[in-house]
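What's in entry14.pdb: PDB, C-alpha atoms
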```pdb
ATOM      1  CA  SER M   1     -27.131 -12.857  68.653
ATOM      2  CA  HIS M   2     -26.329 -10.844  65.518
ATOM      3  CA  THR M   3     -29.847 -11.294  64.151
ATOM      4  CA  LYS M   4     -31.581 -10.144  67.355
ATOM      5  CA  LYS M   5     -29.322  -7.088  67.720
ATOM      6  CA  LEU M   6     -29.750  -6.075  64.063
ATOM      7  CA  VAL M   7     -33.549  -6.396  64.111
ATOM      8  CA  GLU M   8     -33.856  -4.431  67.355
ATOM      9  CA  ALA M   9     -31.457  -1.724  66.120
ATOM     10  CA  ALA M  10     -33.305  -1.450  62.793
ATOM     11  CA  PHE M  11     -36.791  -1.043  64.268
ATOM     12  CA  GLY M  12     -36.114   0.436  67.718
ATOM     13  CA  GLN M  13     -38.143  -2.287  69.435
ATOM     14  CA  LYS M  14     -37.344  -5.511  71.259
ATOM     15  CA  LEU M  15     -37.607  -8.634  69.125
ATOM     16  CA  GLU M  16     -40.333 -10.102  71.335
ATOM     17  CA  ASP M  17     -42.374  -6.896  71.049
ATOM     18  CA  VAL M  18     -42.437  -7.141  67.254
ATOM     19  CA  PHE M  19     -42.762 -10.915  66.902
ATOM     20  CA  GLU M  20     -44.797 -13.430  68.861
ATOM     21  CA  PHE M  21     -42.768 -16.224  67.292
ATOM     22  CA  PHE M  22     -39.340 -16.045  65.606
ATOM     23  CA  GLU M  23     -37.413 -19.047  64.270
ATOM     24  CA  THR M  24     -33.771 -18.631  65.269
ATOM     25  CA  GLU M  25     -32.598 -21.049  62.560
ATOM     26  CA  PRO M  26     -32.853 -19.458  59.095
ATOM     27  CA  CYS M  27     -35.122 -21.213  56.587
ATOM     28  CA  ALA M  28     -33.020 -19.869  53.699
ATOM     29  CA  SER M  29     -29.662 -18.173  53.268
ATOM     30  CA  GLY M  30     -27.874 -16.430  50.398
ATOM     31  CA  SER M  31     -24.682 -14.471  49.847
ATOM     32  CA  ILE M  32     -26.124 -11.221  51.258
ATOM     33  CA  ALA M  33     -28.732 -12.203  53.844
ATOM     34  CA  GLN M  34     -30.574 -15.007  55.587
ATOM     35  CA  VAL M  35     -34.320 -15.463  56.021
ATOM     36  CA  HIS M  36     -36.144 -16.311  59.248
ATOM     37  CA  LYS M  37     -39.753 -17.403  59.531
ATOM     38  CA  ALA M  38     -41.746 -15.422  62.101
ATOM     39  CA  LYS M  39     -45.200 -14.406  63.302
ATOM     40  CA  LEU M  40     -46.026 -10.839  64.239
ATOM     41  CA  SER M  41     -47.108 -10.001  67.780
ATOM     42  CA  ALA M  42     -50.381  -8.135  68.379
ATOM     43  CA  GLU M  43     -48.377  -4.911  68.701
ATOM     44  CA  GLY M  44     -46.352  -5.625  65.565
ATOM     45  CA  ALA M  45     -49.468  -6.469  63.536
ATOM     46  CA  LYS M  46     -51.195  -3.304  64.744
ATOM     47  CA  ARG M  47     -48.282  -1.152  63.621
ATOM     48  CA  ILE M  48     -48.676  -2.338  60.018
ATOM     49  CA  ASN M  49     -52.491  -2.596  60.075
ATOM     50  CA  MET M  50     -52.552  -6.396  59.953
ATOM     51  CA  GLU M  51     -54.648  -7.065  63.071
ATOM     52  CA  GLU M  52     -57.097  -9.173  61.060
ATOM     53  CA  ASN M  53     -54.253 -11.292  59.618
ATOM     54  CA  GLN M  54     -52.049 -11.467  62.695
ATOM     55  CA  SER M  55     -51.733 -15.245  62.383
ATOM     56  CA  GLN M  56     -50.131 -14.871  58.946
ATOM     57  CA  MET M  57     -46.463 -15.903  58.881
ATOM     58  CA  VAL M  58     -43.875 -13.388  57.725
ATOM     59  CA  ALA M  59     -40.342 -13.674  56.357
ATOM     60  CA  VAL M  60     -37.628 -11.643  58.083
ATOM     61  CA  LYS M  61     -34.623 -11.068  55.846
ATOM     62  CA  VAL M  62     -31.483 -10.082  57.794
ATOM     63  CA  ARG M  63     -28.110  -9.093  56.347
ATOM     64  CA  HIS M  64     -25.124 -11.245  57.262
ATOM     65  CA  PRO M  65     -22.569  -9.741  59.692
ATOM     66  CA  ASN M  66     -20.061  -7.394  57.993
ATOM     67  CA  VAL M  67     -21.276  -8.478  54.553
ATOM     68  CA  GLU M  68     -20.761  -5.026  53.043
ATOM     69  CA  SER M  69     -17.108  -4.716  54.047
ATOM     70  CA  LYS M  70     -16.438  -8.328  53.023
ATOM     71  CA  LEU M  71     -18.032  -7.859  49.600
ATOM     72  CA  LEU M  72     -16.177  -4.597  48.931
ATOM     73  CA  ARG M  73     -12.900  -6.202  50.029
ATOM     74  CA  ASP M  74     -13.508  -9.183  47.734
ATOM     75  CA  PHE M  75     -14.181  -6.883  44.786
ATOM     76  CA  GLU M  76     -10.997  -4.913  45.482
ATOM     77  CA  LEU M  77      -8.984  -8.155  45.526
ATOM     78  CA  MET M  78     -10.627  -9.373  42.309
ATOM     79  CA  LEU M  79      -9.884  -6.052  40.589
ATOM     80  CA  ILE M  80      -6.222  -6.186  41.640
ATOM     81  CA  ILE M  81      -5.920  -9.731  40.258
ATOM     82  CA  ALA M  82      -7.843  -8.765  37.104
ATOM     83  CA  ASP M  83      -5.637  -5.712  36.474
ATOM     84  CA  LEU M  84      -2.541  -7.867  36.966
ATOM     85  CA  ALA M  85      -3.900 -10.407  34.482
ATOM     86  CA  SER M  86      -4.601  -7.658  31.948
ATOM     87  CA  HIS M  87      -0.929  -6.553  32.087
ATOM     88  CA  LEU M  88       0.430 -10.090  31.889
ATOM     89  CA  ALA M  89      -1.932 -11.578  29.306
ATOM     90  CA  ASP M  90      -3.887  -8.696  27.776
ATOM     91  CA  ALA M  91      -6.959 -10.043  29.610
ATOM     92  CA  HIS M  92      -8.746  -6.715  30.092
ATOM     93  CA  ILE M  93     -12.116  -8.433  29.781
ATOM     94  CA  ILE M  94     -11.694  -9.964  33.280
ATOM     95  CA  GLY M  95     -11.498  -6.591  35.004
ATOM     96  CA  GLU M  96     -14.303  -5.286  32.832
ATOM     97  CA  SER M  97     -16.527  -8.201  33.860
ATOM     98  CA  VAL M  98     -15.782  -7.652  37.565
ATOM     99  CA  ARG M  99     -16.637  -3.947  37.246
ATOM    100  CA  GLN M 100     -19.846  -4.785  35.344
ATOM    101  CA  PHE M 101     -21.225  -6.967  38.130
ATOM    102  CA  ARG M 102     -19.942  -4.837  40.998
ATOM    103  CA  GLY M 103     -22.784  -2.287  40.721
ATOM    104  CA  PRO M 104     -25.729  -4.743  40.665
ATOM    105  CA  LEU M 105     -24.270  -6.767  43.547
ATOM    106  CA  ILE M 106     -23.607  -3.684  45.676
ATOM    107  CA  GLU M 107     -27.258  -2.669  45.152
ATOM    108  CA  GLN M 108     -28.333  -5.980  46.692
ATOM    109  CA  LEU M 109     -26.747  -4.948  49.994
ATOM    110  CA  ASP M 110     -29.522  -2.426  50.613
ATOM    111  CA  LEU M 111     -32.661  -4.320  51.645
ATOM    112  CA  ALA M 112     -34.689  -1.089  51.486
ATOM    113  CA  HIS M 113     -33.820  -1.033  47.763
ATOM    114  CA  GLU M 114     -35.195  -4.586  47.473
ATOM    115  CA  ALA M 115     -38.409  -3.491  49.226
ATOM    116  CA  GLU M 116     -38.851  -0.684  46.680
ATOM    117  CA  ALA M 117     -38.386  -3.196  43.853
ATOM    118  CA  LEU M 118     -40.990  -5.507  45.426
ATOM    119  CA  CYS M 119     -43.478  -2.625  45.546
ATOM    120  CA  LYS M 120     -42.859  -1.896  41.882
ATOM    121  CA  PHE M 121     -43.218  -5.539  40.816
ATOM    122  CA  ASN M 122     -46.421  -5.917  42.854
ATOM    123  CA  CYS M 123     -47.829  -2.833  41.140
ATOM    124  CA  ASN M 124     -46.790  -4.063  37.672
ATOM    125  CA  PHE M 125     -48.348  -7.503  38.225
ATOM    126  CA  LYS M 126     -51.451  -6.537  40.217
ATOM    127  CA  LYS M 127     -53.748  -7.708  37.388
ATOM    128  CA  HIS M 128     -51.929 -11.036  36.934
ATOM    129  CA  LYS M 129     -53.567 -13.674  39.119
ATOM    130  CA  ASP M 130     -50.990 -16.403  38.400
ATOM    131  CA  VAL M 131     -47.778 -14.459  39.130
ATOM    132  CA  SER M 132     -46.979 -12.758  42.435
ATOM    133  CA  PHE M 133     -44.208 -11.347  44.612
ATOM    134  CA  PRO M 134     -43.850 -11.024  48.403
ATOM    135  CA  ARG M 135     -45.162  -7.747  49.864
ATOM    136  CA  PRO M 136     -42.802  -5.666  52.015
ATOM    137  CA  LEU M 137     -44.430  -4.817  55.354
ATOM    138  CA  TYR M 138     -43.673  -1.164  56.060
ATOM    139  CA  PRO M 139     -42.526   0.304  58.410
ATOM    140  CA  TYR M 140     -40.584  -2.905  59.131
ATOM    141  CA  VAL M 141     -38.107  -2.167  56.349
ATOM    142  CA  SER M 142     -34.537  -0.888  56.680
ATOM    143  CA  ASN M 143     -31.169  -1.195  54.958
ATOM    144  CA  ASP M 144     -30.286  -4.191  57.149
ATOM    145  CA  VAL M 145     -33.648  -5.902  57.768
ATOM    146  CA  LEU M 146     -36.678  -6.512  55.545
ATOM    147  CA  VAL M 147     -39.953  -7.991  56.784
ATOM    148  CA  GLU M 148     -42.213  -9.306  54.025
ATOM    149  CA  THR M 149     -45.073 -11.730  53.568
ATOM    150  CA  PHE M 150     -44.003 -15.371  53.852
ATOM    151  CA  GLU M 151     -44.674 -17.175  50.582
ATOM    152  CA  GLU M 152     -45.346 -20.912  50.502
ATOM    153  CA  GLY M 153     -44.352 -22.970  47.487
ATOM    154  CA  ILE M 154     -42.070 -25.576  45.943
ATOM    155  CA  ILE M 155     -38.686 -24.563  44.525
ATOM    156  CA  PHE M 156     -38.951 -24.496  40.731
ATOM    157  CA  ASN M 157     -36.377 -27.147  39.825
ATOM    158  CA  GLU M 158     -37.890 -29.644  42.279
ATOM    159  CA  ILE M 159     -41.014 -30.031  40.121
ATOM    160  CA  PHE M 160     -39.879 -29.098  36.609
ATOM    161  CA  GLY M 161     -37.220 -31.757  36.024
ATOM    162  CA  GLU M 162     -39.463 -34.727  35.213
ATOM    163  CA  GLU M 163     -42.165 -34.877  32.555
ATOM    164  CA  GLN M 164     -45.235 -33.359  34.179
ATOM    165  CA  PRO M 165     -48.559 -32.213  32.702
ATOM    166  CA  TRP M 166     -47.963 -28.636  33.918
ATOM    167  CA  ASN M 167     -44.435 -28.245  32.448
ATOM    168  CA  ARG M 168     -45.553 -26.658  29.168
ATOM    169  CA  LYS M 169     -47.914 -24.291  30.978
ATOM    170  CA  LEU M 170     -45.161 -23.275  33.416
ATOM    171  CA  ALA M 171     -42.675 -22.665  30.597
ATOM    172  CA  GLN M 172     -45.203 -20.452  28.782
ATOM    173  CA  MET M 173     -46.006 -18.552  31.984
ATOM    174  CA  GLY M 174     -42.316 -17.986  32.682
ATOM    175  CA  LEU M 175     -41.680 -16.698  29.160
ATOM    176  CA  ASN M 176     -44.725 -14.407  29.289
ATOM    177  CA  THR M 177     -43.584 -13.043  32.658
ATOM    178  CA  LEU M 178     -40.068 -12.324  31.424
ATOM    179  CA  PHE M 179     -41.282 -10.568  28.278
ATOM    180  CA  LYS M 180     -43.815  -8.537  30.264
ATOM    181  CA  MET M 181     -40.978  -7.288  32.459
ATOM    182  CA  LEU M 182     -38.793  -6.570  29.422
ATOM    183  CA  LEU M 183     -41.230  -5.269  26.825
ATOM    184  CA  GLU M 184     -44.101  -3.769  28.797
ATOM    185  CA  ASP M 185     -42.712  -2.642  32.151
ATOM    186  CA  ASN M 186     -39.001  -2.073  31.443
ATOM    187  CA  PHE M 187     -38.289  -3.310  34.954
ATOM    188  CA  VAL M 188     -36.657  -6.735  35.087
ATOM    189  CA  HIS M 189     -35.865  -9.182  37.874
ATOM    190  CA  ALA M 190     -32.227  -9.836  37.022
ATOM    191  CA  ASP M 191     -31.561 -12.809  39.330
ATOM    192  CA  LEU M 192     -34.079 -15.383  38.141
ATOM    193  CA  HIS M 193     -32.294 -18.611  39.023
ATOM    194  CA  PRO M 194     -34.506 -21.589  40.070
ATOM    195  CA  GLY M 195     -33.912 -20.955  43.786
ATOM    196  CA  ASN M 196     -35.676 -17.588  43.495
ATOM    197  CA  ILE M 197     -38.804 -19.071  41.907
ATOM    198  CA  LEU M 198     -41.497 -20.862  43.916
ATOM    199  CA  ILE M 199     -44.413 -22.766  42.416
ATOM    200  CA  ARG M 200     -47.705 -23.495  44.109
ATOM    201  CA  PHE M 201     -50.802 -25.081  42.625
ATOM    202  CA  LYS M 202     -54.409 -23.931  42.573
ATOM    203  CA  GLU M 203     -57.602 -25.761  41.769
ATOM    204  CA  PRO M 204     -57.932 -26.603  38.043
ATOM    205  CA  ASP M 205     -59.832 -23.956  36.131
ATOM    206  CA  PHE M 206     -63.054 -24.632  34.200
ATOM    207  CA  TRP M 207     -61.363 -25.365  30.859
ATOM    208  CA  SER M 208     -58.870 -27.796  32.447
ATOM    209  CA  LYS M 209     -61.796 -29.737  33.885
ATOM    210  CA  VAL M 210     -63.581 -29.724  30.518
ATOM    211  CA  TYR M 211     -60.391 -30.913  28.763
ATOM    212  CA  ALA M 212     -59.882 -33.723  31.308
ATOM    213  CA  GLY M 213     -63.511 -34.844  31.040
ATOM    214  CA  PHE M 214     -63.523 -34.772  27.219
ATOM    215  CA  PHE M 215     -60.346 -36.862  26.898
ATOM    216  CA  GLY M 216     -61.198 -39.188  29.769
ATOM    217  CA  TYR M 217     -58.436 -38.185  32.167
ATOM    218  CA  GLU M 218     -58.958 -39.148  35.806
ATOM    219  CA  LYS M 219     -57.902 -35.697  37.095
ATOM    220  CA  ALA M 220     -57.694 -32.207  35.638
ATOM    221  CA  THR M 221     -54.260 -30.546  35.669
ATOM    222  CA  PRO M 222     -53.931 -28.130  38.589
ATOM    223  CA  ARG M 223     -53.264 -24.486  37.748
ATOM    224  CA  PRO M 224     -49.669 -23.424  38.560
ATOM    225  CA  HIS M 225     -48.887 -20.124  40.255
ATOM    226  CA  ILE M 226     -45.423 -18.497  40.117
ATOM    227  CA  VAL M 227     -43.935 -16.597  43.070
ATOM    228  CA  MET M 228     -40.722 -14.642  42.462
ATOM    229  CA  LEU M 229     -38.388 -13.925  45.363
ATOM    230  CA  ASP M 230     -35.226 -11.925  46.048
ATOM    231  CA  THR M 231     -35.710  -8.879  43.816
ATOM    232  CA  GLY M 232     -32.624  -7.015  45.067
ATOM    233  CA  MET M 233     -31.009  -7.289  41.642
ATOM    234  CA  SER M 234     -33.464  -5.552  39.298
ATOM    235  CA  THR M 235     -32.793  -3.243  36.397
ATOM    236  CA  SER M 236     -34.275  -0.952  33.751
ATOM    237  CA  LEU M 237     -32.791  -0.217  30.323
ATOM    238  CA  ASN M 238     -32.387   3.020  28.401
ATOM    239  CA  LYS M 239     -34.239   3.392  25.107
ATOM    240  CA  LYS M 240     -31.272   2.457  22.900
ATOM    241  CA  ASP M 241     -30.325  -0.667  24.867
ATOM    242  CA  ARG M 242     -33.959  -1.727  25.119
ATOM    243  CA  GLN M 243     -34.358  -1.486  21.351
ATOM    244  CA  SER M 244     -31.154  -3.497  20.834
ATOM    245  CA  LEU M 245     -32.436  -6.164  23.222
ATOM    246  CA  PHE M 246     -35.803  -6.367  21.410
ATOM    247  CA  GLN M 247     -33.974  -6.888  18.108
ATOM    248  CA  PHE M 248     -31.658  -9.421  19.735
ATOM    249  CA  PHE M 249     -34.536 -11.604  20.962
ATOM    250  CA  GLU M 250     -36.308 -11.240  17.609
ATOM    251  CA  PHE M 251     -33.219 -12.560  15.803
ATOM    252  CA  ILE M 252     -32.785 -15.313  18.420
ATOM    253  CA  GLY M 253     -36.338 -16.455  17.648
ATOM    254  CA  ARG M 254     -35.441 -16.665  13.942
ATOM    255  CA  LEU M 255     -31.990 -18.187  14.653
ATOM    256  CA  ASP M 256     -30.627 -15.420  12.407
ATOM    257  CA  GLY M 257     -26.871 -15.478  13.073
ATOM    258  CA  GLY M 258     -26.126 -12.309  11.096
ATOM    259  CA  GLY M 259     -28.779 -10.305  12.956
ATOM    260  CA  ILE M 260     -27.650 -11.710  16.309
ATOM    261  CA  ALA M 261     -24.037 -10.731  15.585
ATOM    262  CA  GLU M 262     -25.123  -7.214  14.582
ATOM    263  CA  THR M 263     -27.219  -6.633  17.724
ATOM    264  CA  SER M 264     -24.590  -8.313  19.935
ATOM    265  CA  LEU M 265     -22.096  -5.679  18.800
ATOM    266  CA  LYS M 266     -24.598  -2.931  19.684
ATOM    267  CA  MET M 267     -24.791  -4.369  23.213
ATOM    268  CA  ALA M 268     -21.018  -4.717  23.575
ATOM    269  CA  THR M 269     -18.831  -2.315  25.559
ATOM    270  CA  ILE M 270     -16.439  -2.026  22.597
ATOM    271  CA  GLN M 271     -17.367  -1.736  18.930
ATOM    272  CA  GLN M 272     -13.952  -2.147  17.305
ATOM    273  CA  PHE M 273     -11.465  -4.909  18.117
ATOM    274  CA  PRO M 274      -8.901  -6.920  16.074
ATOM    275  CA  THR M 275     -10.916 -10.157  15.840
ATOM    276  CA  LYS M 276     -14.262  -8.549  14.970
ATOM    277  CA  PRO M 277     -14.661 -10.417  11.607
ATOM    278  CA  GLN M 278     -14.015 -13.764  13.330
ATOM    279  CA  PHE M 279     -16.403 -12.804  16.148
ATOM    280  CA  VAL M 280     -19.204 -12.164  13.635
ATOM    281  CA  GLN M 281     -18.391 -15.281  11.612
ATOM    282  CA  GLU M 282     -18.432 -17.573  14.658
ATOM    283  CA  ILE M 283     -21.843 -16.287  15.729
ATOM    284  CA  VAL M 284     -23.211 -16.794  12.196
ATOM    285  CA  GLU M 285     -21.809 -20.355  12.081
ATOM    286  CA  LEU M 286     -23.157 -21.141  15.564
ATOM    287  CA  PHE M 287     -26.713 -20.245  14.605
ATOM    288  CA  ASN M 288     -26.422 -21.927  11.215
ATOM    289  CA  ASN M 289     -25.708 -25.108  13.199
ATOM    290  CA  PHE M 290     -28.738 -24.446  15.389
ATOM    291  CA  GLN M 291     -30.868 -24.083  12.218
ATOM    292  CA  LYS M 292     -29.609 -27.490  11.042
ATOM    293  CA  HIS M 293     -30.553 -28.916  14.438
ATOM    294  CA  MET M 294     -34.066 -27.507  14.075
ATOM    295  CA  ARG M 295     -34.533 -28.927  10.566
ATOM    296  CA  LYS M 296     -33.292 -32.331  11.699
ATOM    297  CA  HIS M 297     -35.220 -32.589  14.978
ATOM    298  CA  ASP M 298     -38.170 -30.322  14.163
ATOM    299  CA  ASP M 299     -37.558 -28.488  17.420
ATOM    300  CA  MET M 300     -35.706 -25.430  18.654
ATOM    301  CA  PRO M 301     -32.383 -26.095  20.405
ATOM    302  CA  PRO M 302     -32.416 -25.492  24.180
ATOM    303  CA  ALA M 303     -32.413 -21.755  24.937
ATOM    304  CA  ALA M 304     -29.796 -22.181  27.682
ATOM    305  CA  GLU M 305     -27.424 -23.839  25.203
ATOM    306  CA  CYS M 306     -27.905 -20.997  22.689
ATOM    307  CA  MET M 307     -27.060 -18.344  25.274
ATOM    308  CA  SER M 308     -24.166 -20.297  26.780
ATOM    309  CA  CYS M 309     -22.500 -20.792  23.386
ATOM    310  CA  LEU M 310     -23.046 -17.143  22.453
ATOM    311  CA  LEU M 311     -21.518 -15.879  25.703
ATOM    312  CA  ASP M 312     -18.566 -18.245  25.169
ATOM    313  CA  ILE M 313     -17.853 -16.403  21.891
ATOM    314  CA  PHE M 314     -17.968 -13.074  23.750
ATOM    315  CA  ARG M 315     -15.442 -14.405  26.272
ATOM    316  CA  LYS M 316     -13.203 -15.932  23.633
ATOM    317  CA  HIS M 317     -12.864 -12.587  21.830
ATOM    318  CA  ARG M 318     -12.657 -10.636  25.113
ATOM    319  CA  VAL M 319     -15.715  -8.593  24.292
ATOM    320  CA  GLY M 320     -17.634  -7.281  27.291
ATOM    321  CA  MET M 321     -21.390  -6.749  27.403
ATOM    322  CA  LYS M 322     -22.956  -3.710  29.068
ATOM    323  CA  SER M 323     -23.706  -4.570  32.695
ATOM    324  CA  GLU M 324     -27.447  -3.689  32.498
ATOM    325  CA  LEU M 325     -27.824  -6.058  29.549
ATOM    326  CA  SER M 326     -25.586  -8.814  30.814
ATOM    327  CA  VAL M 327     -27.561  -9.251  34.056
ATOM    328  CA  VAL M 328     -30.761  -9.581  31.984
ATOM    329  CA  ILE M 329     -29.373 -11.974  29.354
ATOM    330  CA  ALA M 330     -27.162 -14.114  31.595
TER     331      ALA M 330
END
```
Show how you would write the structure in this file as structure tokens.
Amino acid sequence: SHTKKLVEAAFGQKLEDVFEFFETEPCASGSIAQVHKAKLSAEGAKRINMEENQSQMVAVKVRHPNVESKLLRDFELMLIIADLASHLADAHIIGESVRQFRGPLIEQLDLAHEAEALCKFNCNFKKHKDVSFPRPLYPYVSNDVLVETFEEGIIFNEIFGEEQPWNRKLAQMGLNTLFKMLLEDNFVHADLHPGNILIRFKEPDFWSKVYAGFFGYEKATPRPHIVMLDTGMSTSLNKKDRQSLFQFFEFIGRLDGGGIAETSLKMATIQQFPTKPQFVQEIVELFNNFQKHMRKHDDMPPAAECMSCLLDIFRKHRVGMKSELSVVIA
């Protein structure tokens, strides 16, 4: 099979010499690779100094067949169509958007690049007991195959949809994690959709038990733990863009339309365009409406709605956002 051949070619060993057990059916699959659950053999565990934890399951991420050539071909086709559209309808923003996302997606093809990102995230979060990432298991890392620790958990949107006692805690943890990556580390996981976030629960901490006992609850709320997967799309910002992004989020927090419009222009790929006054005015009006919503409902409007409406204004006026910033904000 493709998977067996790729693993053996990547590591120079037979599959059965590396793994005692290897699930042929993938437990997960994305646009670039698929993931198989496996258990290292005694020889495989010895090679990575895991003899004491040989029974631990691992995840084996394997690139799809010919994915690189297919992705490059798809981008070439999209660019041809986008360039044609720009001539026919002055839609240059389409080609610009394709070119913006081409770089980050091409980076995802290299699983060794993802392993390096995992190492960096693990280092950045080593003091955070409630947030973790899989660990790449060197030397079982190559461009085509990545072996990492297998992480148990529940996919984020399977437990966050209904009203649950841990929802507020999870939301705060997620926000703190994002701002740590942005403000403290300047190294951001840029593909944080719900499928890349696992949640597992630990025993309630001391204060949760005290709170439950004081208010007469039958059980204390378990302590959530966040696991972030698939770090192939990660980015850092230069000083100027980072400062613009800080200001942007500060103005978002205040719902300051004028400030948001000003910083949005700093993050745009073009500074001058015919509809610039209307662009600014629409952003100001949008956030004035959000302020009215807050006064009426005594609550902030949903963050996803804010960002979606703002990006719609960018698209309407054919204003592109720098690729490093767009993957973080979108």
task: With a distance cut-off of 10 Å and all atoms listed in the file, select the neighbouring residues of segment 43-52 of chain M, excluding the residue or stretch itself and same-chain residues fewer than 3 positions from it, and output the selection as a list of chain:residue names.
output: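 Contacts, with the query itself left out: M:Gln13, M:Leu15, M:Glu16, M:Asp17, M:Val18, M:Phe19, M:Glu20, M:Lys39, M:Leu40, M:Ser55, M:Gln56, M:Leu137, M:Tyr138, M:Pro139, M:Tyr140.
Restricting the calculation to all atoms listed in the file, the smallest distance between Ser244 of chain M and any of M:Val280, M:Ile199, M:Ala261, M:Cys309 is found for M:Ala261.
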message: the PyMOL selection byres ((chain M and resi 327) around 10) - which residues does that actually catch in the file I just gave you? List them as number ranges by chain.
response: M: 100-101, 104, 188-192, 233-235, 321-326, 328-330
message: Just to confirm, what's the straight-line distance from atom CA of Gly253 of chain M to atom CA of Lys127 of chain M in Å (one decimal)?
response: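 Rounded to one decimal, the two atoms are 27.7 Å apart.
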Once the PyMOL selection byres ((chain M and resi 221) around 12) has been applied to the shown file, what residues remain in the selection, as a short mmCIF file (atom, residue, chain, number, x, y, z; two decimals) with C-alpha atoms, keeping the file's coordinate frame?
```cif
data_model
loop_
_atom_site.label_atom_id
_atom_site.label_comp_id
_atom_site.auth_asym_id
_atom_site.auth_seq_id
_atom_site.Cartn_x
_atom_site.Cartn_y
_atom_site.Cartn_z
CA GLN M 164 -45.24 -33.36 34.18
CA PRO M 165 -48.56 -32.21 32.70
CA TRP M 166 -47.96 -28.64 33.92
CA ASN M 167 -44.44 -28.24 32.45
CA ARG M 168 -45.55 -26.66 29.17
CA LYS M 169 -47.91 -24.29 30.98
CA LEU M 170 -45.16 -23.28 33.42
CA PHE M 201 -50.80 -25.08 42.62
CA LYS M 202 -54.41 -23.93 42.57
CA GLU M 203 -57.60 -25.76 41.77
CA PRO M 204 -57.93 -26.60 38.04
CA ASP M 205 -59.83 -23.96 36.13
CA PHE M 206 -63.05 -24.63 34.20
CA TRP M 207 -61.36 -25.36 30.86
CA SER M 208 -58.87 -27.80 32.45
CA LYS M 209 -61.80 -29.74 33.88
CA VAL M 210 -63.58 -29.72 30.52
CA TYR M 211 -60.39 -30.91 28.76
CA ALA M 212 -59.88 -33.72 31.31
CA GLY M 213 -63.51 -34.84 31.04
CA TYR M 217 -58.44 -38.18 32.17
CA GLU M 218 -58.96 -39.15 35.81
CA LYS M 219 -57.90 -35.70 37.10
CA ALA M 220 -57.69 -32.21 35.64
CA PRO M 222 -53.93 -28.13 38.59
CA ARG M 223 -53.26 -24.49 37.75
CA PRO M 224 -49.67 -23.42 38.56
#
```
task: Go through M:Asn122, M:Glu116, M:Ser142, M:His64 and flag the residue nearest Ala10 of chain M, using all atoms listed in the file for the distances.
output: M:Ser142
field: Between atom CA of Met294 of chain M and atom CA of Cys306 of chain M, distance in Å (one decimal)
entry: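 Value for the atom CA of Met294 of chain M-atom CA of Cys306 of chain M distance: 12.4 Å.
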field: Proximity to Leu182 of chain M - best of M:Asn288, M:Asn238, M:Thr24, M:Asn157, all atoms listed in the file
entry: M:Asn238
message: For a test of reading the model, state the distance in Å between atom CA of Gln278 of chain M and atom CA of Lys316 of chain M, rounded to one decimal.
response: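 Between atom CA of Gln278 of chain M and atom CA of Lys316 of chain M the gap works out to 10.6 Å.
The residues returned by the PyMOL selection byres ((chain M and resi 151) around 8) for this structure are Pro134, Thr149, Phe150, Glu152, Gly153 and Val227 of chain M.
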- prompt: Of the candidates M:Leu175, M:Ile106, M:Leu198, M:Val58, which one gets nearest to Arg135 of chain M if we count all atoms listed in the file?
  reply: M:Val58
- request: Compare M:Ala59, M:Val141, M:Ala85, M:Ile80 by their minimum atom-to-atom distance to Asp110 of chain M, counting only C-alpha atoms, and give me the closest one.
  value: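 Of M:Ala59, M:Val141, M:Ala85, M:Ile80, the one nearest Asp110 of chain M, counting only C-alpha atoms, is M:Val141.
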